[in-house]
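Q: Data: run-v3.csv, CSV, C-alpha atoms and all ligand atoms.
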```csv
chain,number,residue,atom,x,y,z
A,12,MET,CA,-29.1,-263.5,89.2
A,13,GLN,CA,-26.7,-260.8,90.2
A,14,HIS,CA,-23.0,-261.6,90.2
A,15,ILE,CA,-21.0,-259.9,93.0
A,16,LEU,CA,-17.2,-259.7,93.1
A,17,LEU,CA,-16.1,-259.3,96.7
A,18,LEU,CA,-12.5,-258.2,97.2
A,19,GLY,CA,-11.8,-260.0,100.4
A,20,GLY,CA,-9.1,-261.0,102.9
A,21,THR,CA,-11.0,-259.8,106.0
A,22,THR,CA,-13.4,-261.2,108.6
A,23,GLU,CA,-16.1,-258.8,107.3
A,24,ALA,CA,-15.7,-260.0,103.7
A,25,ARG,CA,-16.2,-263.6,104.8
A,26,ALA,CA,-19.3,-262.7,106.8
A,27,LEU,CA,-20.7,-260.8,103.8
A,28,ALA,CA,-20.0,-263.7,101.5
A,29,GLU,CA,-21.9,-266.0,103.9
A,30,SER,CA,-24.9,-263.6,104.0
A,31,LEU,CA,-24.9,-263.1,100.2
A,32,HIS,CA,-24.6,-266.8,99.6
A,33,ALA,CA,-27.4,-267.6,102.1
A,34,HIS,CA,-29.5,-265.0,100.2
A,35,GLY,CA,-29.1,-266.9,97.0
A,36,THR,CA,-26.8,-264.3,95.4
A,37,ARG,CA,-23.9,-265.4,93.2
A,38,VAL,CA,-20.8,-264.2,95.0
A,39,THR,CA,-17.1,-264.6,94.0
A,40,THR,CA,-14.6,-263.7,96.7
A,41,SER,CA,-11.2,-262.6,95.5
A,42,LEU,CA,-8.1,-263.2,97.7
A,43,ALA,CA,-4.7,-261.7,97.1
A,44,GLY,CA,-3.0,-265.0,98.0
A,45,ARG,CA,-0.8,-263.6,100.8
A,46,VAL,CA,-1.9,-266.1,103.5
A,47,ALA,CA,-0.8,-269.7,102.9
A,48,ALA,CA,-4.0,-271.4,104.3
A,49,PRO,CA,-6.8,-268.8,104.3
A,50,ARG,CA,-10.2,-269.5,105.8
A,51,LEU,CA,-12.3,-269.9,102.7
A,52,PRO,CA,-15.8,-268.3,102.4
A,53,PRO,CA,-18.8,-270.0,100.7
A,54,GLY,CA,-19.5,-269.3,97.1
A,55,GLU,CA,-16.8,-269.1,94.4
A,56,VAL,CA,-13.2,-268.1,95.3
A,57,ARG,CA,-10.4,-266.8,93.0
A,58,VAL,CA,-6.9,-266.2,94.2
A,59,GLY,CA,-4.1,-263.8,93.1
A,60,GLY,CA,-3.8,-260.3,91.7
A,61,PHE,CA,-5.7,-259.1,88.6
A,62,GLY,CA,-2.8,-257.3,87.0
A,63,GLY,CA,-3.6,-253.7,88.0
A,64,VAL,CA,-6.6,-251.5,87.1
A,65,GLU,CA,-6.9,-252.8,83.5
A,66,GLY,CA,-6.8,-256.4,84.6
A,67,LEU,CA,-9.5,-255.9,87.2
A,68,ALA,CA,-11.7,-253.9,84.8
A,69,GLY,CA,-11.3,-256.8,82.3
A,70,TRP,CA,-12.2,-259.4,84.9
A,71,LEU,CA,-15.4,-257.4,85.7
A,72,ARG,CA,-16.5,-257.3,82.1
A,73,GLU,CA,-15.5,-260.9,81.3
A,74,HIS,CA,-17.3,-262.4,84.3
A,75,GLN,CA,-20.3,-260.1,83.9
A,76,VAL,CA,-20.1,-258.7,87.4
A,77,ASP,CA,-23.1,-256.5,88.4
A,78,VAL,CA,-21.7,-255.1,91.7
A,79,LEU,CA,-18.1,-254.8,93.0
A,80,ILE,CA,-17.6,-254.7,96.8
A,81,ASP,CA,-14.2,-253.7,98.2
A,82,ALA,CA,-14.1,-255.5,101.5
A,83,THR,CA,-10.4,-255.5,101.8
A,84,HIS,CA,-8.4,-254.5,104.9
A,85,PRO,CA,-8.5,-250.7,105.6
A,86,PHE,CA,-4.7,-250.7,104.9
A,87,ALA,CA,-4.9,-252.4,101.5
A,88,GLY,CA,-4.7,-249.0,99.8
A,89,THR,CA,-3.5,-250.1,96.3
A,90,ILE,CA,-6.3,-252.6,95.6
A,91,SER,CA,-8.9,-250.1,96.9
A,92,PHE,CA,-7.7,-247.4,94.5
A,93,ASN,CA,-7.5,-249.9,91.7
A,94,ALA,CA,-11.1,-251.0,92.5
A,95,ALA,CA,-12.4,-247.4,92.2
A,96,ARG,CA,-10.7,-246.9,88.8
A,97,ALA,CA,-11.7,-250.3,87.4
A,98,ALA,CA,-15.3,-249.9,88.5
A,99,ASP,CA,-15.4,-246.6,86.6
A,100,LEU,CA,-13.9,-248.1,83.5
A,101,ALA,CA,-16.2,-251.1,83.5
A,102,HIS,CA,-19.3,-249.1,84.6
A,103,VAL,CA,-19.9,-251.3,87.6
A,104,PRO,CA,-21.2,-249.9,90.9
A,105,LEU,CA,-18.8,-250.1,93.7
A,106,LEU,CA,-19.3,-250.2,97.5
A,107,ALA,CA,-16.5,-250.2,100.1
A,108,LEU,CA,-17.1,-252.2,103.3
A,109,ARG,CA,-14.9,-250.6,106.0
A,110,ARG,CA,-15.1,-251.4,109.6
A,111,PRO,CA,-14.9,-248.2,111.7
A,112,GLY,CA,-11.5,-247.3,113.1
A,113,TRP,CA,-10.6,-247.4,116.8
A,114,ALA,CA,-10.8,-244.3,119.1
A,115,PRO,CA,-8.8,-243.7,122.3
A,116,VAL,CA,-10.7,-243.7,125.6
A,117,GLU,CA,-9.8,-242.3,129.0
A,118,GLY,CA,-6.5,-243.8,130.3
A,119,ASP,CA,-5.1,-244.4,126.8
A,120,ASP,CA,-1.7,-243.0,125.9
A,121,TRP,CA,-1.9,-243.0,122.1
A,122,HIS,CA,0.5,-241.5,119.6
A,123,PHE,CA,-0.2,-241.3,115.8
A,124,ALA,CA,1.9,-242.0,112.8
A,125,ASP,CA,1.0,-241.5,109.1
A,126,SER,CA,2.8,-244.5,107.8
A,127,LEU,CA,5.0,-247.4,108.9
A,128,PRO,CA,8.2,-245.5,108.2
A,129,ASP,CA,6.8,-242.6,110.2
A,130,ALA,CA,6.0,-245.1,113.1
A,131,ALA,CA,9.6,-246.4,112.9
A,132,ARG,CA,10.9,-242.8,113.2
A,133,LEU,CA,8.7,-242.0,116.2
A,134,LEU,CA,9.3,-245.3,118.0
A,135,PRO,CA,12.6,-244.8,119.8
A,136,ALA,CA,11.1,-241.9,121.8
A,137,LEU,CA,8.4,-244.2,123.2
A,138,GLY,CA,10.0,-247.5,124.1
A,139,ARG,CA,12.7,-250.2,123.6
A,140,ARG,CA,10.7,-253.4,123.9
A,141,VAL,CA,8.1,-253.3,121.2
A,142,PHE,CA,5.0,-255.4,120.5
A,143,LEU,CA,4.7,-254.9,116.7
A,144,THR,CA,1.3,-256.0,115.4
A,145,THR,CA,1.4,-254.3,112.0
A,146,GLY,CA,1.8,-257.5,110.0
A,147,ARG,CA,4.7,-259.2,108.3
A,148,MET,CA,4.6,-257.2,105.1
A,149,GLY,CA,5.8,-253.8,106.5
A,150,LEU,CA,8.7,-255.1,108.7
A,151,ALA,CA,11.4,-253.6,106.5
A,152,ALA,CA,10.4,-250.1,107.8
A,153,PHE,CA,11.5,-251.2,111.3
A,154,ALA,CA,14.8,-252.9,110.2
A,155,PRO,CA,16.9,-249.7,110.7
A,156,VAL,CA,15.6,-249.0,114.2
A,157,ASP,CA,18.6,-249.4,116.6
A,158,GLY,CA,18.7,-250.5,120.2
A,159,THR,CA,15.2,-251.9,120.1
A,160,TRP,CA,13.8,-255.5,120.6
A,161,PHE,CA,10.6,-256.5,118.7
A,162,LEU,CA,8.0,-259.1,119.4
A,163,VAL,CA,6.4,-259.5,116.0
A,164,ARG,CA,3.1,-261.2,115.6
A,165,SER,CA,2.0,-262.4,112.2
A,166,VAL,CA,-0.1,-265.1,110.5
A,167,ASP,CA,2.8,-266.4,108.3
A,168,PRO,CA,6.5,-266.2,108.9
A,169,PRO,CA,8.1,-262.9,107.9
A,170,GLU,CA,10.8,-262.6,105.3
A,171,PRO,CA,13.8,-260.3,105.4
A,172,PRO,CA,14.5,-257.4,105.6
A,173,PHE,CA,13.3,-257.3,109.2
A,174,PRO,CA,14.7,-256.0,112.6
A,175,VAL,CA,17.8,-258.0,113.8
A,176,ARG,CA,16.6,-258.2,117.4
A,177,MET,CA,13.2,-259.8,117.0
A,178,GLU,CA,11.1,-262.8,118.2
A,179,VAL,CA,8.2,-264.0,115.9
A,180,LEU,CA,4.9,-265.2,117.3
A,181,LEU,CA,2.9,-266.9,114.6
A,182,ASP,CA,-0.8,-266.5,115.5
A,183,ARG,CA,-4.1,-265.4,114.0
A,184,GLY,CA,-6.9,-263.5,115.8
A,185,PRO,CA,-9.2,-263.2,117.5
A,186,PHE,CA,-7.1,-262.6,120.6
A,187,THR,CA,-8.3,-262.6,124.2
A,188,LEU,CA,-7.6,-259.9,126.8
A,189,ASP,CA,-6.0,-262.5,129.2
A,190,GLY,CA,-3.7,-263.6,126.4
A,191,GLU,CA,-2.7,-260.1,125.5
A,192,ARG,CA,-2.1,-259.1,129.1
A,193,ASP,CA,0.1,-262.2,129.5
A,194,LEU,CA,2.1,-261.3,126.3
A,195,LEU,CA,2.8,-257.8,127.5
A,196,HIS,CA,3.8,-258.9,130.9
A,197,ARG,CA,5.9,-261.9,129.9
A,198,HIS,CA,7.9,-260.0,127.3
A,199,ARG,CA,8.2,-256.8,129.4
A,200,ILE,CA,6.7,-254.8,126.5
A,201,ASP,CA,7.0,-251.0,126.9
A,202,VAL,CA,5.3,-249.9,123.7
A,203,LEU,CA,2.7,-251.3,121.4
A,204,VAL,CA,2.6,-250.5,117.6
A,205,THR,CA,-0.6,-251.1,115.7
A,206,LYS,CA,-2.4,-250.1,112.5
A,207,ASP,CA,-5.8,-248.5,113.1
A,208,SER,CA,-7.4,-251.7,111.8
A,209,GLY,CA,-10.6,-251.4,113.9
A,210,GLY,CA,-12.9,-254.3,114.8
A,211,ALA,CA,-13.2,-256.5,117.9
A,212,ALA,CA,-10.9,-259.4,116.9
A,213,THR,CA,-7.7,-257.6,117.6
A,214,ALA,CA,-8.9,-254.8,120.0
A,215,PRO,CA,-8.0,-256.6,123.3
A,216,LYS,CA,-4.3,-255.5,122.9
A,217,LEU,CA,-5.5,-251.9,123.3
A,218,THR,CA,-7.2,-252.6,126.6
A,219,ALA,CA,-4.2,-254.6,127.8
A,220,ALA,CA,-1.9,-251.7,126.9
A,221,ARG,CA,-4.2,-249.2,128.7
A,222,GLU,CA,-4.3,-251.3,131.9
A,223,ALA,CA,-0.5,-251.6,131.9
A,224,SER,CA,0.0,-247.9,131.1
A,225,ILE,CA,1.9,-248.7,128.0
A,226,PRO,CA,2.0,-246.2,125.1
A,227,VAL,CA,0.4,-247.2,121.8
A,228,LEU,CA,1.7,-246.0,118.5
A,229,VAL,CA,-1.3,-246.0,116.0
A,230,VAL,CA,-0.7,-245.9,112.3
A,231,ARG,CA,-3.5,-243.9,110.6
A,232,ARG,CA,-5.5,-245.4,107.7
A,233,PRO,CA,-5.2,-244.4,104.1
A,234,PRO,CA,-8.4,-242.7,102.9
A,235,VAL,CA,-11.2,-244.5,101.0
A,236,PRO,CA,-11.1,-243.3,97.4
A,237,GLU,CA,-13.3,-240.2,96.9
A,238,GLY,CA,-16.9,-240.7,95.9
A,239,VAL,CA,-17.1,-244.4,96.9
A,240,PRO,CA,-20.0,-245.2,99.2
A,241,VAL,CA,-19.0,-246.9,102.5
A,242,ALA,CA,-20.8,-249.5,104.5
A,243,ALA,CA,-19.6,-250.0,108.1
A,244,THR,CA,-20.8,-253.5,108.6
A,245,PRO,CA,-21.6,-256.6,106.5
A,246,GLY,CA,-25.3,-256.1,107.4
A,247,GLU,CA,-25.2,-252.5,105.9
A,248,ALA,CA,-23.5,-253.8,102.8
A,249,LEU,CA,-26.1,-256.6,102.4
A,250,ALA,CA,-28.9,-254.0,102.7
A,251,TRP,CA,-27.1,-251.8,100.1
A,252,VAL,CA,-26.9,-254.8,97.7
A,253,THR,CA,-30.5,-256.0,98.2
A,254,ALA,CA,-31.8,-252.4,97.8
A,255,ARG,CA,-30.3,-252.4,94.3
A,256,GLY,CA,-32.4,-255.5,93.5
B,1,LIG,P1,-2.6,-253.8,98.5
B,1,LIG,O1,-1.2,-253.3,98.8
B,1,LIG,O2,-3.7,-252.9,98.5
B,1,LIG,O3,-2.6,-254.6,97.1
B,1,LIG,C1,-1.4,-254.9,96.4
B,1,LIG,C2,-1.8,-255.8,95.2
B,1,LIG,O4,-2.2,-257.1,95.6
B,1,LIG,C3,-3.0,-255.2,94.4
B,1,LIG,O5,-2.5,-254.3,93.5
B,1,LIG,C4,-3.5,-256.5,93.8
B,1,LIG,O6,-2.7,-256.9,92.7
B,1,LIG,C5,-3.3,-257.5,94.9
B,1,LIG,N1,-4.5,-257.7,95.7
B,1,LIG,C6,-4.8,-257.1,96.9
B,1,LIG,N2,-5.9,-257.5,97.5
B,1,LIG,C7,-6.4,-258.4,96.5
B,1,LIG,C8,-7.6,-259.2,96.5
B,1,LIG,N3,-8.5,-259.1,97.5
B,1,LIG,N4,-7.8,-259.9,95.4
B,1,LIG,C9,-6.9,-259.9,94.4
B,1,LIG,N5,-5.8,-259.2,94.4
B,1,LIG,C10,-5.6,-258.5,95.4
B,1,LIG,O7,-2.9,-255.0,99.4
B,1,LIG,P2,-2.2,-255.6,100.7
B,1,LIG,O8,-2.1,-254.6,101.8
B,1,LIG,O9,-0.9,-256.3,100.3
B,1,LIG,O10,-3.3,-256.7,101.2
B,1,LIG,C11,-3.5,-257.9,100.4
B,1,LIG,C12,-4.7,-258.6,101.0
B,1,LIG,O11,-4.5,-258.9,102.3
B,1,LIG,C13,-6.0,-257.8,100.8
B,1,LIG,O12,-6.9,-258.6,100.2
B,1,LIG,C14,-6.3,-257.4,102.3
B,1,LIG,O13,-7.7,-257.5,102.5
B,1,LIG,C15,-5.6,-258.5,103.1
B,1,LIG,N6,-5.1,-257.9,104.4
B,1,LIG,C16,-4.3,-256.9,104.4
B,1,LIG,C17,-3.9,-256.3,105.6
B,1,LIG,C18,-3.0,-255.1,105.6
B,1,LIG,O14,-2.7,-254.7,106.8
B,1,LIG,N7,-2.6,-254.5,104.5
B,1,LIG,C19,-4.3,-257.0,106.8
B,1,LIG,C20,-5.1,-258.1,106.7
B,1,LIG,C21,-5.5,-258.6,105.5
B,1,LIG,P3,-3.1,-256.6,91.2
B,1,LIG,O15,-2.7,-255.1,91.0
B,1,LIG,O16,-2.2,-257.5,90.4
B,1,LIG,O17,-4.5,-256.8,91.0
```
Spit out the file's structure as structure tokens when you get a sec.
Ligand code: NAP
A:
Amino acid sequence: MQHILLLGGTTEARALAESLHAHGTRVTTSLAGRVAAPRLPPGEVRVGGFGGVEGLAGWLREHQVDVLIDATHPFAGTISFNAARAADLAHVPLLALRRPGWAPVEGDDWHFADSLPDAARLLPALGRRVFLTTGRMGLAAFAPVDGTWFLVRSVDPPEPPFPVRMEVLLDRGPFTLDGERDLLHRHRIDVLVTKDSGGAATAPKLTAAREASIPVLVVRRPPVPEGVPVAATPGEALAWVTARG
């Protein structure tokens, strides 16, 4: 039986683990351990870093992994590059599962940043009451932004450094359009900051911003490592795995 190591932490990774498990494939999902109470997928689960490229390559060999699937978040750039190098070292085929990014539609007022520090630099020109949805890990980039109030939404409470003028909303998607409209209105938000995460679960904020004519500052994704095949959906990834036998 094939043994698949699935680097997870996303809705798509969980869906793929469910399909692989239902298919009778042995699947181990790896989680970084950032979320205190993660939703666990079926199959085996391991938690915590591998100790860099060498550690991951060692894990692949030791546990006789046949296929490595990087289904981490599009912004988890370090583990994706580690996966590409470790798969090479251990001679294990690698597939990246990446949901497509979002694209602006008519009526959107989108601005683009290349990184969180770049977004922090561009922010003061766009608004003063910010709905910041980039997660709790990158808040330090926004700490130096003066004269600005932040509504920060994250799954777990953020740790400093973070902006002085901030309210934290602990919540986990999926989010509804009505809920997002209400948040923008109630907190008098005048700019939304988001990563280009893609997917339906967190997309309603984009519709709510368009309806309210609020600008959106979108942080671009890091690239997928060169030469790694990409599946856009868990179904495509499952087909890729089953085609390999
Ligand atoms: P990252 O910067 O790419 O990775 C930092 C380190 O965390 C890696 O070098 C690795 O440690 C460990 N790591 C990351 N993902 C791992 C996994 N699935 N299993 C085991 N170790 C992992 O990652 P990140 O941006 O902090 O994201 C961490 C996790 O949260 C990812 O699994 C990702 O799918 C999920 N997530 C991230 C975001 C985001 O916006 N970045 C959003 C939602 C969910 P070692 O070098 O020791 O192996």
Q: May I ask you to write as a PDB file with C-alpha atoms, in the coordinates of the input all residues lying at most 6 Å from ligand LIG 1 (chain B), with all atoms listed in the file counted?
A:
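Heads up, here's the output in pocket_19.pdb:
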```
ATOM      1  CA  LEU A  18     -12.500-258.200  97.200  1.00  0.00           C
ATOM      2  CA  GLY A  19     -11.800-260.000 100.400  1.00  0.00           C
ATOM      3  CA  GLY A  20      -9.100-261.000 102.900  1.00  0.00           C
ATOM      4  CA  THR A  21     -11.000-259.800 106.000  1.00  0.00           C
ATOM      5  CA  SER A  41     -11.200-262.600  95.500  1.00  0.00           C
ATOM      6  CA  LEU A  42      -8.100-263.200  97.700  1.00  0.00           C
ATOM      7  CA  ALA A  43      -4.700-261.700  97.100  1.00  0.00           C
ATOM      8  CA  GLY A  59      -4.100-263.800  93.100  1.00  0.00           C
ATOM      9  CA  GLY A  60      -3.800-260.300  91.700  1.00  0.00           C
ATOM     10  CA  PHE A  61      -5.700-259.100  88.600  1.00  0.00           C
ATOM     11  CA  GLY A  62      -2.800-257.300  87.000  1.00  0.00           C
ATOM     12  CA  GLY A  63      -3.600-253.700  88.000  1.00  0.00           C
ATOM     13  CA  THR A  83     -10.400-255.500 101.800  1.00  0.00           C
ATOM     14  CA  HIS A  84      -8.400-254.500 104.900  1.00  0.00           C
ATOM     15  CA  PHE A  86      -4.700-250.700 104.900  1.00  0.00           C
ATOM     16  CA  ALA A  87      -4.900-252.400 101.500  1.00  0.00           C
ATOM     17  CA  GLY A  88      -4.700-249.000  99.800  1.00  0.00           C
ATOM     18  CA  THR A  89      -3.500-250.100  96.300  1.00  0.00           C
ATOM     19  CA  ILE A  90      -6.300-252.600  95.600  1.00  0.00           C
TER      20      ILE A  90
END
```
Q: Give me, as number ranges by chain, all polymer residues having an atom no more than 12 Å from Val175 of chain A, counting only C-alpha atoms and skipping those fewer than 6 positions away in the same chain.
A: A: 150-151, 153-163
Q: A:Leu133, A:Ile15, A:Leu203, A:Ile80: which is nearest Ala223 of chain A, counting only C-alpha atoms?
A: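 Among the listed residues, A:Leu203 lies closest to Ala223 of chain A.
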Q: May I ask which of the residues A:His34, A:Arg25, A:Arg192, A:Arg199 is the closest one to Thr253 of chain A, counting all atoms listed in the file?
A: A:His34
Q: Using atom CA of Asn93 of chain A and atom CA of Val64 of chain A as the two end points, give the distance in Å to one decimal.
A: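 Rounded to one decimal, the two atoms are 5.0 Å apart.
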Q: For the contact check between segment 145-246 of chain A and segment 47-58 of chain A, emit one row per residue of segment 145-246 of chain A within 12 Å, containing the shortest atom pair and the distance in Å rounded to one decimal, counting all atoms listed in the file, chain then rising number order, as a tab-separated table.
A:
```
residue	atom	partner	partner_atom	distance
A:Val166	CA	A:Ala47	CA	8.9
A:Asp167	CA	A:Ala47	CA	7.3
A:Pro168	CA	A:Ala47	CA	10.1
A:Arg183	CA	A:Pro49	CA	10.6
```
